[in-house]
Amino acid sequence: MCGIVGLFLKDKALEGDLGRMLTDMLITMTDRGPDSAGIAVYRENDAQLKFTVQSADPDRCFATLSEVLGADVIQIDSHAIVSCALDQSEALRARIRAIDGLRIMSVGEAIEIYKEVGLPQSVADRFDIPQLQGSHGIGHTRMATESAVTTLGAHPFSTGLDQCLVHNGSLSNHNSLRRKLGRQGVRVETENDTEVAAAYLTWKMQQGANLGEALEAGLQYLDGFYTFVVGTKTGFGVLRDPIACKPAVLAETDQYVAFGSEYRALVNLPGIDAAQVWEPEPATVYFWEH
């Protein structure tokens with residue numbers, strides 16, 4: 001099943017409440033996926049690049065991480081934010097990958113991803129998600145079907161700078177597409193079909209497509225049943241497969257655009273009673289951008 005939520009804020013006055021609203025939305029979707037949960041938030045970072053990293057043994061791994069990497073490190077439970085100047089990113093990426101047990105969750109100027117095995121309430125409590133501020137974010141609670149219940153198998157998946165994707169559904173051709181992407185030099189780290197979809201979109205954009213064009217191309221190459229919500233540095237997009245059997249609801253007001261797998265995820269948002277509410281059309285790209 002899985003449950004997806006997303007929130008794109010038009011009104012900057014709401015940015016201080018982003019984490020609280022996303023947490024409430026995601027907890028409402030708990031019964032759609034009890035295995036793992038995660039949230040991606042987008043917030044400014046003074047023109048530096050942020051690596052969100054994770055460790056199964058954070059006390060050991062993070063104790064001397066700042067000295068080992070030569071970078072600023074802020075630990076948040078099993079995750080940490082490692083910051084560097086933009087021109088130092090590739091060197092820092094190589095140093096992070098060389099550390100046993102340290103995994104990169106996301107990289108970008110705005111994105112931060114927090115995800116772990118457990119219910120949405122547990123994940124929100126561990127990372128103090130309600131206190132996070134930002135301009136937009138997406139969340140996911142997972143019911144595993146095609147791969148193991150692990151932190152790396154949880155959503156969101158990030159395969160490009162300031163990009164991430166959450167998914168409800170299943171892809172039938174993810175193994176063959178994983179091999180094709182591998183021949184193009186695209187790195188896919190898990191057996192999860194959603195990471196393949198994220199990597200495909202990143203690959204298309206690296207070839208010059210914008211997000212809308214990449215999503216349109218995905219309709220031809222990604223076989224299966226799916227609802228995608230995609231985050232970028234400046235916005236978020238929604239796409240359902242041509243059959244659109246996975247549930248999805250969008251709502252828009254002057255203050256925000258919100259997405260939920262079910263309408264009940266949206267009911268506590270401000271002004272929802274006056275919002276334009278609709279079910280996204282099949283095989284149609286929706287995208288909002290700051």
# chains A, B, ... in the order shown; residues from 1 in each chain; ligands from 1
>>> residues_around(residues="A:Met143", least_positions_apart="4", cutoff="8 Å", atoms="only C-alpha atoms", output="CSV table (one decimal) with N, CA, C and O atoms, in the first residue's frame")
chain,number,residue,atom,x,y,z
A,1,MET,N,0.8,-1.2,0.0
A,1,MET,CA,0.0,0.0,0.0
A,1,MET,C,0.9,1.3,0.0
A,1,MET,O,0.9,2.0,-1.0
A,2,CYS,N,1.5,1.5,1.1
A,2,CYS,CA,2.4,2.7,1.3
A,2,CYS,C,1.5,4.0,1.3
A,2,CYS,O,0.5,4.1,0.7
A,32,ARG,N,-1.1,2.7,6.3
A,32,ARG,CA,-0.8,2.3,5.0
A,32,ARG,C,0.6,1.7,4.8
A,32,ARG,O,1.0,1.2,3.8
A,33,GLY,N,1.4,1.8,5.9
A,33,GLY,CA,2.8,1.3,5.8
A,33,GLY,C,3.5,1.3,7.2
A,33,GLY,O,4.0,2.3,7.6
A,34,PRO,N,3.6,0.1,7.8
A,34,PRO,CA,4.2,0.0,9.2
A,34,PRO,C,5.7,-0.3,9.2
A,34,PRO,O,6.2,-0.4,10.3
A,35,ASP,N,6.3,-0.4,8.1
A,35,ASP,CA,7.7,-1.0,8.1
A,35,ASP,C,8.8,0.1,8.3
A,35,ASP,O,9.7,-0.1,9.0
A,36,SER,N,8.7,1.2,7.6
A,36,SER,CA,9.7,2.3,7.7
A,36,SER,C,9.1,3.6,7.2
A,36,SER,O,8.0,3.6,6.6
>>> residues_around(residues="stretch 113-122 of chain A", least_positions_apart="4", cutoff="10 Å", atoms="only C-alpha atoms", output="VMD selection string")
chain A and resid 23 to 31 33 to 42 51 to 54 56 76 to 81 104 to 107 126 to 129 137 to 142 149 to 158 164
>>> closest_residue(among="A:Glu109, A:Asp254, A:Asp125, A:Glu281", to="A:Thr232", atoms="only C-alpha atoms")
A:Glu109
>>> select_by_dssp(residues="stretch 28-253 of chain A", states="strand (DSSP E or B)", output="count of residues only")
77
>>> atom_distance(atom1="atom CA of A:Phe62", atom2="atom CA of A:Asn45")
21.1 Å
>>> atom_distance(atom1="atom CA of A:Met21", atom2="atom CA of A:Glu279")
20.9 Å
>>> residues_around(residues="stretch 288-290 of chain A", least_positions_apart="2", cutoff="8 Å", atoms="only C-alpha atoms", output="compact mmCIF listing (two decimals) with N, CA and C atoms, in the first residue's frame")
# COMPACT_ATOMS: atom_id res chain seq x y z
N PHE A 8 3.93 21.87 -0.43
CA PHE A 8 4.67 22.94 -1.11
C PHE A 8 4.07 24.26 -0.64
N LYS A 10 3.44 28.15 -0.53
CA LYS A 10 3.48 29.41 -1.26
C LYS A 10 3.67 30.58 -0.30
N THR A 234 13.57 23.55 -5.92
CA THR A 234 12.61 24.66 -6.00
C THR A 234 11.15 24.23 -6.04
N GLY A 235 10.86 22.94 -6.02
CA GLY A 235 9.46 22.56 -6.10
C GLY A 235 9.21 21.08 -5.95
N PHE A 236 7.99 20.67 -6.28
CA PHE A 236 7.69 19.24 -6.26
C PHE A 236 6.68 18.91 -7.34
N GLY A 237 6.74 17.64 -7.79
CA GLY A 237 5.88 17.19 -8.87
C GLY A 237 5.18 15.89 -8.51
N TYR A 286 2.11 16.96 -12.92
CA TYR A 286 1.77 18.17 -12.16
C TYR A 286 3.05 18.64 -11.48
>>> residues_around(residues="A:Pro270", least_positions_apart="3", cutoff="10 Å", atoms="only C-alpha atoms", output="list in words")
Leu14, Met21, Thr253, Gln255, Tyr256, Leu266, Val267, Asp273, Ala274 and Ala275 of chain A
>>> write_last_selection(atoms="C-alpha atoms", output="CSV table (one decimal), in the first residue's frame")
chain,number,residue,atom,x,y,z
A,14,LEU,CA,4.0,29.0,7.1
A,21,MET,CA,2.3,19.9,9.3
A,253,THR,CA,-5.0,27.2,-1.7
A,255,GLN,CA,-1.0,29.4,0.9
A,256,TYR,CA,0.1,25.9,-0.3
A,266,LEU,CA,-5.0,16.8,4.5
A,267,VAL,CA,-7.8,17.5,6.9
A,273,ASP,CA,-12.3,23.6,3.7
A,274,ALA,CA,-11.9,26.3,1.1
A,275,ALA,CA,-9.2,24.5,-1.0
>>> closest_residue(among="A:Gln207, A:Gln75, A:Asn173, A:Thr159", to="A:Glu189", atoms="only C-alpha atoms")
A:Thr159
>>> atom_distance(atom1="atom CA of A:Gly134", atom2="atom CA of A:Asn268")
18.7 Å
>>> decode(residues="stretch 1-42 of chain A", atoms="N, CA and C atoms", output="mmCIF file, in the first residue's frame")
data_model
loop_
_atom_site.group_PDB
_atom_site.id
_atom_site.type_symbol
_atom_site.label_atom_id
_atom_site.label_comp_id
_atom_site.auth_asym_id
_atom_site.auth_seq_id
_atom_site.Cartn_x
_atom_site.Cartn_y
_atom_site.Cartn_z
ATOM 1 N N MET A 1 0.830 -1.199 0.000
ATOM 2 C CA MET A 1 0.000 0.000 0.000
ATOM 3 C C MET A 1 0.866 1.251 0.000
ATOM 4 N N CYS A 2 1.530 1.534 1.119
ATOM 5 C CA CYS A 2 2.375 2.725 1.305
ATOM 6 C C CYS A 2 1.531 4.002 1.344
ATOM 7 N N GLY A 3 2.021 4.962 2.087
ATOM 8 C CA GLY A 3 1.363 6.255 2.187
ATOM 9 C C GLY A 3 2.321 7.371 1.850
ATOM 10 N N ILE A 4 1.860 8.338 1.061
ATOM 11 C CA ILE A 4 2.689 9.456 0.612
ATOM 12 C C ILE A 4 2.027 10.761 1.029
ATOM 13 N N VAL A 5 2.853 11.731 1.430
ATOM 14 C CA VAL A 5 2.369 13.089 1.661
ATOM 15 C C VAL A 5 3.370 14.068 1.049
ATOM 16 N N GLY A 6 2.888 15.251 0.730
ATOM 17 C CA GLY A 6 3.754 16.308 0.215
ATOM 18 C C GLY A 6 3.147 17.659 0.506
ATOM 19 N N LEU A 7 4.011 18.648 0.720
ATOM 20 C CA LEU A 7 3.529 19.987 1.032
ATOM 21 C C LEU A 7 4.474 21.014 0.423
ATOM 22 N N PHE A 8 3.930 21.870 -0.433
ATOM 23 C CA PHE A 8 4.667 22.940 -1.105
ATOM 24 C C PHE A 8 4.070 24.259 -0.638
ATOM 25 N N LEU A 9 4.865 25.052 0.063
ATOM 26 C CA LEU A 9 4.353 26.276 0.678
ATOM 27 C C LEU A 9 4.534 27.473 -0.244
ATOM 28 N N LYS A 10 3.438 28.147 -0.532
ATOM 29 C CA LYS A 10 3.476 29.413 -1.258
ATOM 30 C C LYS A 10 3.670 30.584 -0.298
ATOM 31 N N ASP A 11 3.137 30.450 0.895
ATOM 32 C CA ASP A 11 3.161 31.505 1.910
ATOM 33 C C ASP A 11 4.356 31.287 2.835
ATOM 34 N N LYS A 12 5.348 32.174 2.775
ATOM 35 C CA LYS A 12 6.545 32.021 3.588
ATOM 36 C C LYS A 12 6.240 32.065 5.086
ATOM 37 N N ALA A 13 5.121 32.645 5.457
ATOM 38 C CA ALA A 13 4.755 32.700 6.867
ATOM 39 C C ALA A 13 4.506 31.312 7.451
ATOM 40 N N LEU A 14 4.266 30.315 6.599
ATOM 41 C CA LEU A 14 4.023 28.954 7.066
ATOM 42 C C LEU A 14 5.292 28.118 7.173
ATOM 43 N N GLU A 15 6.430 28.639 6.723
ATOM 44 C CA GLU A 15 7.643 27.819 6.648
ATOM 45 C C GLU A 15 8.095 27.308 8.007
ATOM 46 N N GLY A 16 7.833 28.053 9.076
ATOM 47 C CA GLY A 16 8.192 27.582 10.404
ATOM 48 C C GLY A 16 7.387 26.382 10.853
ATOM 49 N N ASP A 17 6.253 26.118 10.195
ATOM 50 C CA ASP A 17 5.371 25.005 10.557
ATOM 51 C C ASP A 17 5.480 23.821 9.595
ATOM 52 N N LEU A 18 6.409 23.865 8.653
ATOM 53 C CA LEU A 18 6.484 22.800 7.650
ATOM 54 C C LEU A 18 6.630 21.427 8.297
ATOM 55 N N GLY A 19 7.600 21.269 9.191
ATOM 56 C CA GLY A 19 7.832 19.971 9.807
ATOM 57 C C GLY A 19 6.643 19.474 10.599
ATOM 58 N N ARG A 20 6.003 20.377 11.327
ATOM 59 C CA ARG A 20 4.838 19.988 12.123
ATOM 60 C C ARG A 20 3.703 19.511 11.226
ATOM 61 N N MET A 21 3.440 20.240 10.133
ATOM 62 C CA MET A 21 2.335 19.871 9.253
ATOM 63 C C MET A 21 2.636 18.566 8.522
ATOM 64 N N LEU A 22 3.870 18.400 8.034
ATOM 65 C CA LEU A 22 4.229 17.156 7.348
ATOM 66 C C LEU A 22 4.145 15.962 8.291
ATOM 67 N N THR A 23 4.589 16.157 9.539
ATOM 68 C CA THR A 23 4.525 15.069 10.512
ATOM 69 C C THR A 23 3.090 14.638 10.756
ATOM 70 N N ASP A 24 2.206 15.586 10.952
ATOM 71 C CA ASP A 24 0.797 15.273 11.172
ATOM 72 C C ASP A 24 0.210 14.534 9.976
ATOM 73 N N MET A 25 0.539 14.987 8.780
ATOM 74 C CA MET A 25 0.036 14.339 7.574
ATOM 75 C C MET A 25 0.526 12.894 7.481
ATOM 76 N N LEU A 26 1.829 12.690 7.762
ATOM 77 C CA LEU A 26 2.403 11.354 7.603
ATOM 78 C C LEU A 26 1.900 10.392 8.671
ATOM 79 N N ILE A 27 1.772 10.845 9.904
ATOM 80 C CA ILE A 27 1.263 9.977 10.969
ATOM 81 C C ILE A 27 -0.153 9.513 10.642
ATOM 82 N N THR A 28 -0.936 10.365 9.999
ATOM 83 C CA THR A 28 -2.286 9.982 9.595
ATOM 84 C C THR A 28 -2.261 8.820 8.603
ATOM 85 N N MET A 29 -1.182 8.680 7.854
ATOM 86 C CA MET A 29 -1.046 7.610 6.863
ATOM 87 C C MET A 29 -0.371 6.357 7.416
ATOM 88 N N THR A 30 -0.178 6.269 8.735
ATOM 89 C CA THR A 30 0.570 5.165 9.340
ATOM 90 C C THR A 30 0.046 3.797 8.945
ATOM 91 N N ASP A 31 -1.266 3.618 8.910
ATOM 92 C CA ASP A 31 -1.800 2.292 8.635
ATOM 93 C C ASP A 31 -1.604 1.852 7.188
ATOM 94 N N ARG A 32 -1.087 2.735 6.343
ATOM 95 C CA ARG A 32 -0.782 2.349 4.966
ATOM 96 C C ARG A 32 0.617 1.747 4.842
ATOM 97 N N GLY A 33 1.445 1.839 5.910
ATOM 98 C CA GLY A 33 2.790 1.289 5.819
ATOM 99 C C GLY A 33 3.497 1.272 7.154
ATOM 100 N N PRO A 34 3.603 0.112 7.814
ATOM 101 C CA PRO A 34 4.177 0.047 9.154
ATOM 102 C C PRO A 34 5.668 -0.254 9.212
ATOM 103 N N ASP A 35 6.323 -0.410 8.064
ATOM 104 C CA ASP A 35 7.688 -0.951 8.066
ATOM 105 C C ASP A 35 8.775 0.100 8.291
ATOM 106 N N SER A 36 8.682 1.201 7.601
ATOM 107 C CA SER A 36 9.690 2.259 7.705
ATOM 108 C C SER A 36 9.063 3.563 7.248
ATOM 109 N N ALA A 37 9.728 4.668 7.569
ATOM 110 C CA ALA A 37 9.172 5.973 7.217
ATOM 111 C C ALA A 37 10.302 6.966 7.008
ATOM 112 N N GLY A 38 10.009 8.019 6.256
ATOM 113 C CA GLY A 38 11.021 9.034 6.025
ATOM 114 C C GLY A 38 10.412 10.328 5.517
ATOM 115 N N ILE A 39 11.176 11.405 5.689
ATOM 116 C CA ILE A 39 10.748 12.729 5.251
ATOM 117 C C ILE A 39 11.936 13.446 4.630
ATOM 118 N N ALA A 40 11.685 14.147 3.531
ATOM 119 C CA ALA A 40 12.663 15.057 2.934
ATOM 120 C C ALA A 40 12.145 16.470 3.107
ATOM 121 N N VAL A 41 12.993 17.371 3.602
ATOM 122 C CA VAL A 41 12.628 18.778 3.715
ATOM 123 C C VAL A 41 13.644 19.615 2.955
ATOM 124 N N TYR A 42 13.180 20.748 2.464
ATOM 125 C CA TYR A 42 14.030 21.669 1.712
ATOM 126 C C TYR A 42 14.106 22.988 2.455
#
